[in-house]
$ cat structure03.pdb   # PDB, C-alpha atoms and all ligand atoms
MODEL        1
ATOM      1  CA  MET A   1       9.298  -7.065  -4.948
ATOM      2  CA  THR A   2       5.545  -7.738  -4.926
ATOM      3  CA  ARG A   3       3.690  -6.352  -7.956
ATOM      4  CA  ILE A   4       0.001  -5.498  -7.689
ATOM      5  CA  ALA A   5      -2.283  -5.004 -10.700
ATOM      6  CA  VAL A   6      -5.809  -3.603 -10.836
ATOM      7  CA  VAL A   7      -8.330  -4.386 -13.586
ATOM      8  CA  THR A   8     -11.742  -2.693 -13.605
ATOM      9  CA  GLY A   9     -14.447  -3.758 -16.046
ATOM     10  CA  ASN A  10     -16.820  -0.797 -16.057
ATOM     11  CA  PRO A  11     -18.051   0.825 -19.288
ATOM     12  CA  LYS A  12     -17.813   4.151 -17.414
ATOM     13  CA  PRO A  13     -14.211   5.395 -17.205
ATOM     14  CA  ALA A  14     -12.682   6.529 -13.903
ATOM     15  CA  SER A  15     -15.619   4.971 -12.055
ATOM     16  CA  ARG A  16     -16.352   4.584  -8.384
ATOM     17  CA  THR A  17     -15.693   0.882  -8.877
ATOM     18  CA  LEU A  18     -12.194   1.748 -10.076
ATOM     19  CA  ALA A  19     -11.718   3.839  -6.914
ATOM     20  CA  VAL A  20     -12.806   0.875  -4.782
ATOM     21  CA  ALA A  21     -10.370  -1.406  -6.615
ATOM     22  CA  VAL A  22      -7.514   1.060  -6.107
ATOM     23  CA  ALA A  23      -8.396   1.395  -2.405
ATOM     24  CA  VAL A  24      -8.238  -2.402  -2.120
ATOM     25  CA  ALA A  25      -4.855  -2.422  -3.871
ATOM     26  CA  ASP A  26      -3.612   0.313  -1.514
ATOM     27  CA  ALA A  27      -4.717  -1.688   1.536
ATOM     28  CA  LEU A  28      -3.067  -4.831   0.195
ATOM     29  CA  ALA A  29       0.137  -2.955  -0.627
ATOM     30  CA  ALA A  30       0.279  -1.525   2.892
ATOM     31  CA  GLY A  31      -0.482  -4.919   4.420
ATOM     32  CA  ILE A  32       2.050  -6.949   2.477
ATOM     33  CA  GLY A  33       4.689  -4.237   2.177
ATOM     34  CA  ALA A  34       4.505  -3.727  -1.596
ATOM     35  CA  PRO A  35       5.714  -0.421  -3.076
ATOM     36  CA  ALA A  36       2.698   1.809  -3.796
ATOM     37  CA  GLY A  37       4.220   3.264  -6.960
ATOM     38  CA  ASP A  38       4.737  -0.033  -8.760
ATOM     39  CA  ARG A  39       1.139  -0.508  -9.811
ATOM     40  CA  LEU A  40      -0.523  -1.418 -13.108
ATOM     41  CA  VAL A  41      -4.067   0.013 -13.267
ATOM     42  CA  VAL A  42      -6.204  -1.137 -16.199
ATOM     43  CA  ASP A  43      -9.474   0.776 -16.685
ATOM     44  CA  LEU A  44     -11.122  -1.346 -19.375
ATOM     45  CA  ALA A  45     -13.388   1.540 -20.449
ATOM     46  CA  GLU A  46     -10.279   2.989 -22.090
ATOM     47  CA  HIS A  47      -9.818  -0.187 -24.134
ATOM     48  CA  ALA A  48     -13.424  -0.961 -25.072
ATOM     49  CA  PRO A  49     -12.994  -0.749 -28.893
ATOM     50  CA  SER A  50     -10.255  -3.405 -28.816
ATOM     51  CA  LEU A  51     -11.704  -5.818 -26.256
ATOM     52  CA  PHE A  52     -13.067  -8.250 -28.844
ATOM     53  CA  ASP A  53     -10.122  -7.897 -31.240
ATOM     54  CA  TRP A  54      -8.097 -10.980 -30.384
ATOM     55  CA  SER A  55      -5.042  -9.618 -32.204
ATOM     56  CA  ALA A  56      -5.010  -6.199 -30.481
ATOM     57  CA  PRO A  57      -1.396  -5.836 -29.261
ATOM     58  CA  GLU A  58      -2.300  -3.409 -26.441
ATOM     59  CA  LEU A  59      -4.765  -5.889 -24.931
ATOM     60  CA  SER A  60      -2.297  -8.759 -25.323
ATOM     61  CA  ARG A  61       0.312  -6.688 -23.493
ATOM     62  CA  LEU A  62      -2.127  -5.869 -20.696
ATOM     63  CA  THR A  63      -3.296  -9.463 -20.187
ATOM     64  CA  ALA A  64       0.349 -10.554 -20.011
ATOM     65  CA  GLU A  65       1.300  -7.799 -17.556
ATOM     66  CA  VAL A  66      -1.671  -8.568 -15.304
ATOM     67  CA  ALA A  67      -0.832 -12.279 -15.340
ATOM     68  CA  ALA A  68       2.770 -11.418 -14.409
ATOM     69  CA  ALA A  69       1.637  -9.523 -11.295
ATOM     70  CA  ASP A  70       1.873 -11.275  -7.950
ATOM     71  CA  VAL A  71      -1.528  -9.946  -6.883
ATOM     72  CA  ALA A  72      -4.316  -8.810  -9.214
ATOM     73  CA  VAL A  73      -7.516  -7.062  -8.138
ATOM     74  CA  PHE A  74     -10.400  -7.741 -10.572
ATOM     75  CA  ALA A  75     -13.279  -5.324 -10.060
ATOM     76  CA  SER A  76     -16.684  -4.801 -11.623
ATOM     77  CA  PRO A  77     -19.955  -3.081 -10.855
ATOM     78  CA  THR A  78     -22.937  -5.420 -10.525
ATOM     79  CA  TYR A  79     -24.955  -5.444 -13.734
ATOM     80  CA  LYS A  80     -28.058  -7.625 -13.642
ATOM     81  CA  ALA A  81     -26.895  -9.655 -10.625
ATOM     82  CA  ALA A  82     -23.472 -10.473 -12.096
ATOM     83  CA  TYR A  83     -20.167  -8.887 -13.073
ATOM     84  CA  THR A  84     -20.019  -7.038 -16.396
ATOM     85  CA  GLY A  85     -19.547  -8.496 -19.831
ATOM     86  CA  MET A  86     -16.669  -6.046 -20.195
ATOM     87  CA  LEU A  87     -14.670  -7.768 -17.457
ATOM     88  CA  LYS A  88     -15.600 -11.178 -18.904
ATOM     89  CA  ALA A  89     -14.372 -10.092 -22.344
ATOM     90  CA  PHE A  90     -10.970  -9.272 -20.811
ATOM     91  CA  LEU A  91     -10.809 -12.537 -18.852
ATOM     92  CA  ASP A  92     -11.868 -14.537 -21.927
ATOM     93  CA  ARG A  93      -8.625 -13.491 -23.602
ATOM     94  CA  TYR A  94      -6.636 -15.744 -21.256
ATOM     95  CA  GLY A  95      -5.833 -19.283 -22.247
ATOM     96  CA  SER A  96      -6.210 -22.261 -19.954
ATOM     97  CA  ASN A  97      -4.618 -21.543 -16.566
ATOM     98  CA  GLY A  98      -3.680 -18.094 -17.826
ATOM     99  CA  LEU A  99      -3.664 -16.674 -14.299
ATOM    100  CA  ALA A 100      -1.727 -19.521 -12.677
ATOM    101  CA  GLY A 101       0.704 -18.120 -10.132
ATOM    102  CA  THR A 102      -1.327 -14.958  -9.608
ATOM    103  CA  VAL A 103      -3.187 -14.226  -6.387
ATOM    104  CA  ALA A 104      -6.551 -12.811  -7.482
ATOM    105  CA  ILE A 105      -8.860 -10.582  -5.452
ATOM    106  CA  PRO A 106     -12.485 -10.382  -6.651
ATOM    107  CA  VAL A 107     -14.187  -7.045  -5.979
ATOM    108  CA  MET A 108     -17.667  -5.853  -6.941
ATOM    109  CA  THR A 109     -19.779  -2.797  -6.292
ATOM    110  CA  GLY A 110     -23.565  -2.780  -6.364
ATOM    111  CA  GLY A 111     -26.580  -0.635  -5.756
ATOM    112  CA  ARG A 112     -27.773  -2.797  -2.910
ATOM    113  CA  ALA A 113     -26.693  -5.739  -0.766
ATOM    114  CA  GLY A 114     -29.187  -8.162  -2.332
ATOM    115  CA  HIS A 115     -26.597  -9.209  -4.902
ATOM    116  CA  ALA A 116     -23.611  -9.269  -2.526
ATOM    117  CA  LEU A 117     -22.948 -12.958  -3.141
ATOM    118  CA  ALA A 118     -22.352 -12.279  -6.835
ATOM    119  CA  VAL A 119     -18.682 -11.653  -6.073
ATOM    120  CA  GLU A 120     -18.361 -15.170  -4.654
ATOM    121  CA  VAL A 121     -20.722 -17.151  -6.882
ATOM    122  CA  HIS A 122     -20.024 -15.447 -10.219
ATOM    123  CA  LEU A 123     -16.650 -13.652 -10.211
ATOM    124  CA  ARG A 124     -14.591 -16.007  -8.013
ATOM    125  CA  PRO A 125     -15.283 -19.160 -10.129
ATOM    126  CA  VAL A 126     -13.974 -17.515 -13.311
ATOM    127  CA  LEU A 127     -10.723 -16.549 -11.597
ATOM    128  CA  VAL A 128     -10.367 -20.079 -10.184
ATOM    129  CA  GLU A 129     -11.057 -21.516 -13.658
ATOM    130  CA  LEU A 130      -8.141 -19.436 -14.986
ATOM    131  CA  GLY A 131      -5.833 -21.010 -12.402
ATOM    132  CA  ALA A 132      -5.562 -18.015 -10.088
ATOM    133  CA  THR A 133      -5.184 -18.495  -6.357
ATOM    134  CA  VAL A 134      -8.132 -16.787  -4.614
ATOM    135  CA  PRO A 135      -7.257 -16.967  -0.913
ATOM    136  CA  ALA A 136      -9.570 -14.335   0.560
ATOM    137  CA  ARG A 137     -13.266 -13.516   0.523
ATOM    138  CA  GLY A 138     -14.315 -11.287  -2.331
ATOM    139  CA  LEU A 139     -15.259  -7.752  -1.401
ATOM    140  CA  PHE A 140     -18.728  -6.422  -2.307
ATOM    141  CA  VAL A 141     -19.291  -2.714  -1.649
ATOM    142  CA  THR A 142     -22.773  -1.193  -1.912
ATOM    143  CA  GLU A 143     -23.392   2.393  -2.999
ATOM    144  CA  PRO A 144     -24.517   3.445   0.518
ATOM    145  CA  GLU A 145     -21.197   2.152   1.855
ATOM    146  CA  LEU A 146     -19.073   4.203  -0.550
ATOM    147  CA  PRO A 147     -18.777   7.295   1.724
ATOM    148  CA  ALA A 148     -17.171   5.005   4.326
ATOM    149  CA  LEU A 149     -14.986   3.217   1.781
ATOM    150  CA  ASP A 150     -11.774   3.367   3.836
ATOM    151  CA  ALA A 151     -13.457   1.695   6.826
ATOM    152  CA  VAL A 152     -15.152  -0.936   4.643
ATOM    153  CA  VAL A 153     -11.871  -1.806   2.942
ATOM    154  CA  ALA A 154      -9.976  -1.816   6.261
ATOM    155  CA  THR A 155     -12.447  -4.287   7.759
ATOM    156  CA  TRP A 156     -12.140  -6.553   4.720
ATOM    157  CA  ALA A 157      -8.328  -6.211   4.716
ATOM    158  CA  SER A 158      -8.007  -7.223   8.375
ATOM    159  CA  THR A 159      -8.911 -10.802   7.437
ATOM    160  CA  ALA A 160      -7.812 -10.783   3.795
ATOM    161  CA  VAL A 161      -4.230  -9.520   4.169
ATOM    162  CA  PRO A 162      -2.971 -12.443   6.301
ATOM    163  CA  LEU A 163      -4.489 -14.891   3.789
ATOM    164  CA  VAL A 164      -2.899 -13.071   0.852
ATOM    165  CA  LYS A 165       0.468 -13.007   2.642
ATOM    166  CA  ARG A 166       0.294 -16.753   3.220
ATOM    167  CA  ALA A 167      -0.623 -17.363  -0.430
ATOM    168  CA  LEU A 168       2.407 -15.330  -1.561
ATOM    169  CA  THR A 169       4.936 -17.352   0.456
TER     170      THR A 169
HETATM  171  C1  LIG B 201     -27.079  -1.756 -16.408
HETATM  172  C2  LIG B 201     -26.989  -1.747 -14.911
HETATM  173  C3  LIG B 201     -27.403  -2.854 -14.193
HETATM  174  C4  LIG B 201     -27.319  -2.869 -12.795
HETATM  175  N1  LIG B 201     -27.720  -3.988 -12.119
HETATM  176  C5  LIG B 201     -27.584  -4.035 -10.780
HETATM  177  C6  LIG B 201     -27.949  -5.215 -10.057
HETATM  178  O1  LIG B 201     -28.425  -6.199 -10.614
HETATM  179  N2  LIG B 201     -27.739  -5.237  -8.709
HETATM  180  C7  LIG B 201     -27.204  -4.175  -8.040
HETATM  181  O2  LIG B 201     -27.031  -4.252  -6.810
HETATM  182  N3  LIG B 201     -26.852  -3.029  -8.700
HETATM  183  C8  LIG B 201     -27.029  -2.955 -10.042
HETATM  184  N4  LIG B 201     -26.675  -1.811 -10.728
HETATM  185  C9  LIG B 201     -26.094  -0.696  -9.971
HETATM  186  C10 LIG B 201     -24.583  -0.700 -10.055
HETATM  187  O3  LIG B 201     -24.030  -1.962  -9.757
HETATM  188  C11 LIG B 201     -24.042   0.282  -9.024
HETATM  189  O4  LIG B 201     -24.568   1.551  -9.319
HETATM  190  C12 LIG B 201     -22.526   0.295  -9.070
HETATM  191  O5  LIG B 201     -22.041   0.342  -7.774
HETATM  192  C13 LIG B 201     -22.043   1.489  -9.825
HETATM  193  O6  LIG B 201     -20.646   1.558  -9.796
HETATM  194  P1  LIG B 201     -19.940   2.711 -10.655
HETATM  195  O7  LIG B 201     -20.335   4.024 -10.040
HETATM  196  O8  LIG B 201     -18.489   2.408 -10.554
HETATM  197  O9  LIG B 201     -20.455   2.566 -12.078
HETATM  198  C14 LIG B 201     -26.802  -1.754 -12.111
HETATM  199  C15 LIG B 201     -26.381  -0.617 -12.828
HETATM  200  C16 LIG B 201     -26.489  -0.611 -14.209
HETATM  201  C17 LIG B 201     -26.030   0.610 -14.984
ENDMDL
END
$ encode --input "structure03.pdb" --output "structure tokens"
Amino acid sequence: MTRIAVVTGNPKPASRTLAVAVAVADALAAGIGAPAGDRLVVDLAEHAPSLFDWSAPELSRLTAEVAAADVAVFASPTYKAAYTGMLKAFLDRYGSNGLAGTVAIPVMTGGRAGHALAVEVHLRPVLVELGATVPARGLFVTEPELPALDAVVATWASTAVPLVKRALT
């Protein structure tokens, strides 16, 4: 059974970025045949007070559960040309190679396309540093694209899903 996890680092709870991340997870689940119900969704806005408490048991449980997933979607809005400090604070909790064995999918939203490469040049390297396998292009979705989210995700998934499948074998 393939387990998919979603982590969104947005100070706003239940954000559009979270919806994008869940849409990506849905497309991956459909593409690789993973059960839709077996999904861990971590909205970091709900855990903000504990993010910098290294002994917080809830955060330790979440980092462990995400690392145990076969595929993990890491999503963030673009803040000042990069991913958020909130997502970094979560990722900083992992030790060396803490995401080894996990296929990671970097996803970012942004106001405009000018910072589209942030998902590749800022978010991907952190996931690689943690030992994750990052087989597909990161997905960057701009605000004007959000009304057509399903089509944007489907286009991305058409090339990403075969790469994710290969990485899982
Ligand atoms: C503090 C802050 C900084 C931002 N910086 C950028 C930026 O540098 N580039 C960009 O394209 N969008 C930037 N934005 C816009 C957000 O990335 C964009 O609105 C995002 O898609 C919002 O997602 P959300 O609705 O899930 O919060 C910024 C927004 C905020 C609040």
$ resolve_selection --input "structure03.pdb" --expression "the PyMOL selection byres (((chain A and resi 141-146) around 8) and not hetatm)" --output "mmCIF file with C-alpha atoms, in the frame of the given file"
data_model
loop_
_atom_site.group_PDB
_atom_site.id
_atom_site.type_symbol
_atom_site.label_atom_id
_atom_site.label_comp_id
_atom_site.auth_asym_id
_atom_site.auth_seq_id
_atom_site.Cartn_x
_atom_site.Cartn_y
_atom_site.Cartn_z
ATOM 1 C CA VAL A 107 -14.187 -7.045 -5.979
ATOM 2 C CA MET A 108 -17.667 -5.853 -6.941
ATOM 3 C CA THR A 109 -19.779 -2.797 -6.292
ATOM 4 C CA GLY A 110 -23.565 -2.780 -6.364
ATOM 5 C CA GLY A 111 -26.580 -0.635 -5.756
ATOM 6 C CA ARG A 112 -27.773 -2.797 -2.910
ATOM 7 C CA ALA A 113 -26.693 -5.739 -0.766
ATOM 8 C CA ALA A 116 -23.611 -9.269 -2.526
ATOM 9 C CA LEU A 139 -15.259 -7.752 -1.401
ATOM 10 C CA PHE A 140 -18.728 -6.422 -2.307
ATOM 11 C CA PRO A 147 -18.777 7.295 1.724
ATOM 12 C CA ALA A 148 -17.171 5.005 4.326
ATOM 13 C CA LEU A 149 -14.986 3.217 1.781
ATOM 14 C CA VAL A 152 -15.152 -0.936 4.643
#
$ residues_around --input "structure03.pdb" --residues "stretch 52-64 of chain A" --least-positions-apart "5" --cutoff "10 Å" --atoms "only C-alpha atoms" --output "NGL selection string"
:A and (7 or 40-42 or 44 or 47 or 69 or 86 or 89-94 or 98-99)
$ axis_aligned_box --input "structure03.pdb" --around "ligand LIG 201 (chain B)" --padding-each-side "5 Å" --output "lines of an AutoDock Vina configuration file"
center_x = -23.5
center_y = -1.1
center_z = -11.6
size_x = 19.9
size_y = 20.2
size_z = 19.6
$ atom_distance --input "structure03.pdb" --atom1 "atom CA of A:Ala104" --atom2 "atom O8 of ligand LIG 201 (chain B)"
19.6 Å
$ residues_around --input "structure03.pdb" --residues "A:Ala30" --least-positions-apart "2" --cutoff "12 Å" --atoms "only C-alpha atoms" --output "VMD selection string"
chain A and resid 2 4 23 to 28 32 to 37 154 157 to 158 161 to 162 165
$ write_last_selection --input "structure03.pdb" --atoms "C-alpha atoms" --output "PDB file, in the frame of the given file"
ATOM      1  CA  THR A   2       5.545  -7.738  -4.926  1.00  0.00           C
ATOM      2  CA  ILE A   4       0.001  -5.498  -7.689  1.00  0.00           C
ATOM      3  CA  ALA A  23      -8.396   1.395  -2.405  1.00  0.00           C
ATOM      4  CA  VAL A  24      -8.238  -2.402  -2.120  1.00  0.00           C
ATOM      5  CA  ALA A  25      -4.855  -2.422  -3.871  1.00  0.00           C
ATOM      6  CA  ASP A  26      -3.612   0.313  -1.514  1.00  0.00           C
ATOM      7  CA  ALA A  27      -4.717  -1.688   1.536  1.00  0.00           C
ATOM      8  CA  LEU A  28      -3.067  -4.831   0.195  1.00  0.00           C
ATOM      9  CA  ILE A  32       2.050  -6.949   2.477  1.00  0.00           C
ATOM     10  CA  GLY A  33       4.689  -4.237   2.177  1.00  0.00           C
ATOM     11  CA  ALA A  34       4.505  -3.727  -1.596  1.00  0.00           C
ATOM     12  CA  PRO A  35       5.714  -0.421  -3.076  1.00  0.00           C
ATOM     13  CA  ALA A  36       2.698   1.809  -3.796  1.00  0.00           C
ATOM     14  CA  GLY A  37       4.220   3.264  -6.960  1.00  0.00           C
ATOM     15  CA  ALA A 154      -9.976  -1.816   6.261  1.00  0.00           C
ATOM     16  CA  ALA A 157      -8.328  -6.211   4.716  1.00  0.00           C
ATOM     17  CA  SER A 158      -8.007  -7.223   8.375  1.00  0.00           C
ATOM     18  CA  VAL A 161      -4.230  -9.520   4.169  1.00  0.00           C
ATOM     19  CA  PRO A 162      -2.971 -12.443   6.301  1.00  0.00           C
ATOM     20  CA  LYS A 165       0.468 -13.007   2.642  1.00  0.00           C
TER      21      LYS A 165
END
$ atom_distance --input "structure03.pdb" --atom1 "atom CA of A:Ala136" --atom2 "atom C1 of ligand LIG 201 (chain B)"
27.4 Å
$ resolve_selection --input "structure03.pdb" --expression "the PyMOL selection byres (((chain A and resi 10) around 12) and not hetatm)" --output "MDAnalysis selection string"
chainID A and resid 7:9 11:19 21 42:48 74:79 83:90 108:110
$ atom_distance --input "structure03.pdb" --atom1 "atom CA of A:Arg124" --atom2 "atom CA of A:Gly138"
7.4 Å
$ closest_residue --input "structure03.pdb" --among "A:Met1, A:Ala118, A:Ala81, A:Val20" --to "ligand LIG 201 (chain B)" --atoms "only C-alpha atoms and all ligand atoms"
A:Ala81
$ decode --input "structure03.pdb" --residues "stretch 70-99 of chain A" --atoms "N, CA and C atoms" --output "PDB file, in the first residue's frame"
ATOM      1  N   ASP A  70       5.414   6.936   1.737  1.00  0.00           N
ATOM      2  CA  ASP A  70       6.149   6.617   0.508  1.00  0.00           C
ATOM      3  C   ASP A  70       6.361   7.876  -0.323  1.00  0.00           C
ATOM      4  N   VAL A  71       5.327   8.716  -0.359  1.00  0.00           N
ATOM      5  CA  VAL A  71       5.368   9.957  -1.137  1.00  0.00           C
ATOM      6  C   VAL A  71       4.924  11.095  -0.219  1.00  0.00           C
ATOM      7  N   ALA A  72       5.684  12.189  -0.213  1.00  0.00           N
ATOM      8  CA  ALA A  72       5.306  13.345   0.600  1.00  0.00           C
ATOM      9  C   ALA A  72       5.328  14.603  -0.257  1.00  0.00           C
ATOM     10  N   VAL A  73       4.210  15.326  -0.232  1.00  0.00           N
ATOM     11  CA  VAL A  73       4.078  16.594  -0.945  1.00  0.00           C
ATOM     12  C   VAL A  73       4.410  17.704   0.055  1.00  0.00           C
ATOM     13  N   PHE A  74       5.414  18.530  -0.259  1.00  0.00           N
ATOM     14  CA  PHE A  74       5.797  19.650   0.607  1.00  0.00           C
ATOM     15  C   PHE A  74       5.435  20.941  -0.112  1.00  0.00           C
ATOM     16  N   ALA A  75       4.519  21.706   0.475  1.00  0.00           N
ATOM     17  CA  ALA A  75       3.972  22.870  -0.224  1.00  0.00           C
ATOM     18  C   ALA A  75       4.126  24.141   0.603  1.00  0.00           C
ATOM     19  N   SER A  76       4.318  25.239  -0.116  1.00  0.00           N
ATOM     20  CA  SER A  76       4.475  26.541   0.541  1.00  0.00           C
ATOM     21  C   SER A  76       4.045  27.638  -0.419  1.00  0.00           C
ATOM     22  N   PRO A  77       3.473  28.726   0.115  1.00  0.00           N
ATOM     23  CA  PRO A  77       3.350  29.913  -0.730  1.00  0.00           C
ATOM     24  C   PRO A  77       4.734  30.535  -0.907  1.00  0.00           C
ATOM     25  N   THR A  78       4.898  31.342  -1.937  1.00  0.00           N
ATOM     26  CA  THR A  78       6.143  32.106  -2.094  1.00  0.00           C
ATOM     27  C   THR A  78       6.076  33.320  -1.185  1.00  0.00           C
ATOM     28  N   TYR A  79       7.045  33.442  -0.316  1.00  0.00           N
ATOM     29  CA  TYR A  79       7.205  34.654   0.503  1.00  0.00           C
ATOM     30  C   TYR A  79       8.588  35.200   0.197  1.00  0.00           C
ATOM     31  N   LYS A  80       8.633  36.400  -0.351  1.00  0.00           N
ATOM     32  CA  LYS A  80       9.917  37.049  -0.638  1.00  0.00           C
ATOM     33  C   LYS A  80      10.831  36.147  -1.461  1.00  0.00           C
ATOM     34  N   ALA A  81      10.285  35.624  -2.554  1.00  0.00           N
ATOM     35  CA  ALA A  81      11.039  34.849  -3.550  1.00  0.00           C
ATOM     36  C   ALA A  81      11.481  33.467  -3.084  1.00  0.00           C
ATOM     37  N   ALA A  82      10.987  33.006  -1.941  1.00  0.00           N
ATOM     38  CA  ALA A  82      11.405  31.693  -1.439  1.00  0.00           C
ATOM     39  C   ALA A  82      10.212  31.015  -0.755  1.00  0.00           C
ATOM     40  N   TYR A  83      10.442  29.799  -0.271  1.00  0.00           N
ATOM     41  CA  TYR A  83       9.393  29.138   0.515  1.00  0.00           C
ATOM     42  C   TYR A  83       9.398  29.739   1.918  1.00  0.00           C
ATOM     43  N   THR A  84       8.384  29.433   2.710  1.00  0.00           N
ATOM     44  CA  THR A  84       8.236  30.111   4.008  1.00  0.00           C
ATOM     45  C   THR A  84       9.187  29.567   5.079  1.00  0.00           C
ATOM     46  N   GLY A  85       9.465  30.420   6.032  1.00  0.00           N
ATOM     47  CA  GLY A  85      10.205  29.991   7.211  1.00  0.00           C
ATOM     48  C   GLY A  85       9.458  28.920   7.984  1.00  0.00           C
ATOM     49  N   MET A  86       8.133  28.933   7.889  1.00  0.00           N
ATOM     50  CA  MET A  86       7.334  27.930   8.598  1.00  0.00           C
ATOM     51  C   MET A  86       7.634  26.525   8.076  1.00  0.00           C
ATOM     52  N   LEU A  87       7.712  26.385   6.752  1.00  0.00           N
ATOM     53  CA  LEU A  87       8.041  25.068   6.198  1.00  0.00           C
ATOM     54  C   LEU A  87       9.475  24.702   6.554  1.00  0.00           C
ATOM     55  N   LYS A  88      10.381  25.688   6.518  1.00  0.00           N
ATOM     56  CA  LYS A  88      11.785  25.405   6.876  1.00  0.00           C
ATOM     57  C   LYS A  88      11.890  24.947   8.321  1.00  0.00           C
ATOM     58  N   ALA A  89      11.112  25.572   9.214  1.00  0.00           N
ATOM     59  CA  ALA A  89      11.159  25.190  10.629  1.00  0.00           C
ATOM     60  C   ALA A  89      10.759  23.723  10.803  1.00  0.00           C
ATOM     61  N   PHE A  90       9.782  23.277  10.020  1.00  0.00           N
ATOM     62  CA  PHE A  90       9.374  21.856  10.086  1.00  0.00           C
ATOM     63  C   PHE A  90      10.496  20.976   9.545  1.00  0.00           C
ATOM     64  N   LEU A  91      11.050  21.348   8.397  1.00  0.00           N
ATOM     65  CA  LEU A  91      12.092  20.517   7.773  1.00  0.00           C
ATOM     66  C   LEU A  91      13.359  20.491   8.623  1.00  0.00           C
ATOM     67  N   ASP A  92      13.628  21.585   9.339  1.00  0.00           N
ATOM     68  CA  ASP A  92      14.826  21.646  10.187  1.00  0.00           C
ATOM     69  C   ASP A  92      14.768  20.653  11.345  1.00  0.00           C
ATOM     70  N   ARG A  93      13.601  20.120  11.629  1.00  0.00           N
ATOM     71  CA  ARG A  93      13.481  19.157  12.720  1.00  0.00           C
ATOM     72  C   ARG A  93      14.058  17.792  12.341  1.00  0.00           C
ATOM     73  N   TYR A  94      14.236  17.543  11.048  1.00  0.00           N
ATOM     74  CA  TYR A  94      14.775  16.252  10.617  1.00  0.00           C
ATOM     75  C   TYR A  94      16.280  16.201  10.831  1.00  0.00           C
ATOM     76  N   GLY A  95      16.764  15.033  11.199  1.00  0.00           N
ATOM     77  CA  GLY A  95      18.197  14.823  11.252  1.00  0.00           C
ATOM     78  C   GLY A  95      18.740  14.549   9.859  1.00  0.00           C
ATOM     79  N   SER A  96      20.023  14.283   9.802  1.00  0.00           N
ATOM     80  CA  SER A  96      20.685  13.997   8.532  1.00  0.00           C
ATOM     81  C   SER A  96      19.991  12.838   7.823  1.00  0.00           C
ATOM     82  N   ASN A  97      19.694  13.015   6.558  1.00  0.00           N
ATOM     83  CA  ASN A  97      19.010  11.987   5.761  1.00  0.00           C
ATOM     84  C   ASN A  97      17.662  11.576   6.336  1.00  0.00           C
ATOM     85  N   GLY A  98      17.015  12.499   7.024  1.00  0.00           N
ATOM     86  CA  GLY A  98      15.754  12.190   7.689  1.00  0.00           C
ATOM     87  C   GLY A  98      14.612  11.847   6.747  1.00  0.00           C
ATOM     88  N   LEU A  99      14.759  12.169   5.476  1.00  0.00           N
ATOM     89  CA  LEU A  99      13.702  11.819   4.510  1.00  0.00           C
ATOM     90  C   LEU A  99      14.189  10.758   3.514  1.00  0.00           C
TER      91      LEU A  99
END
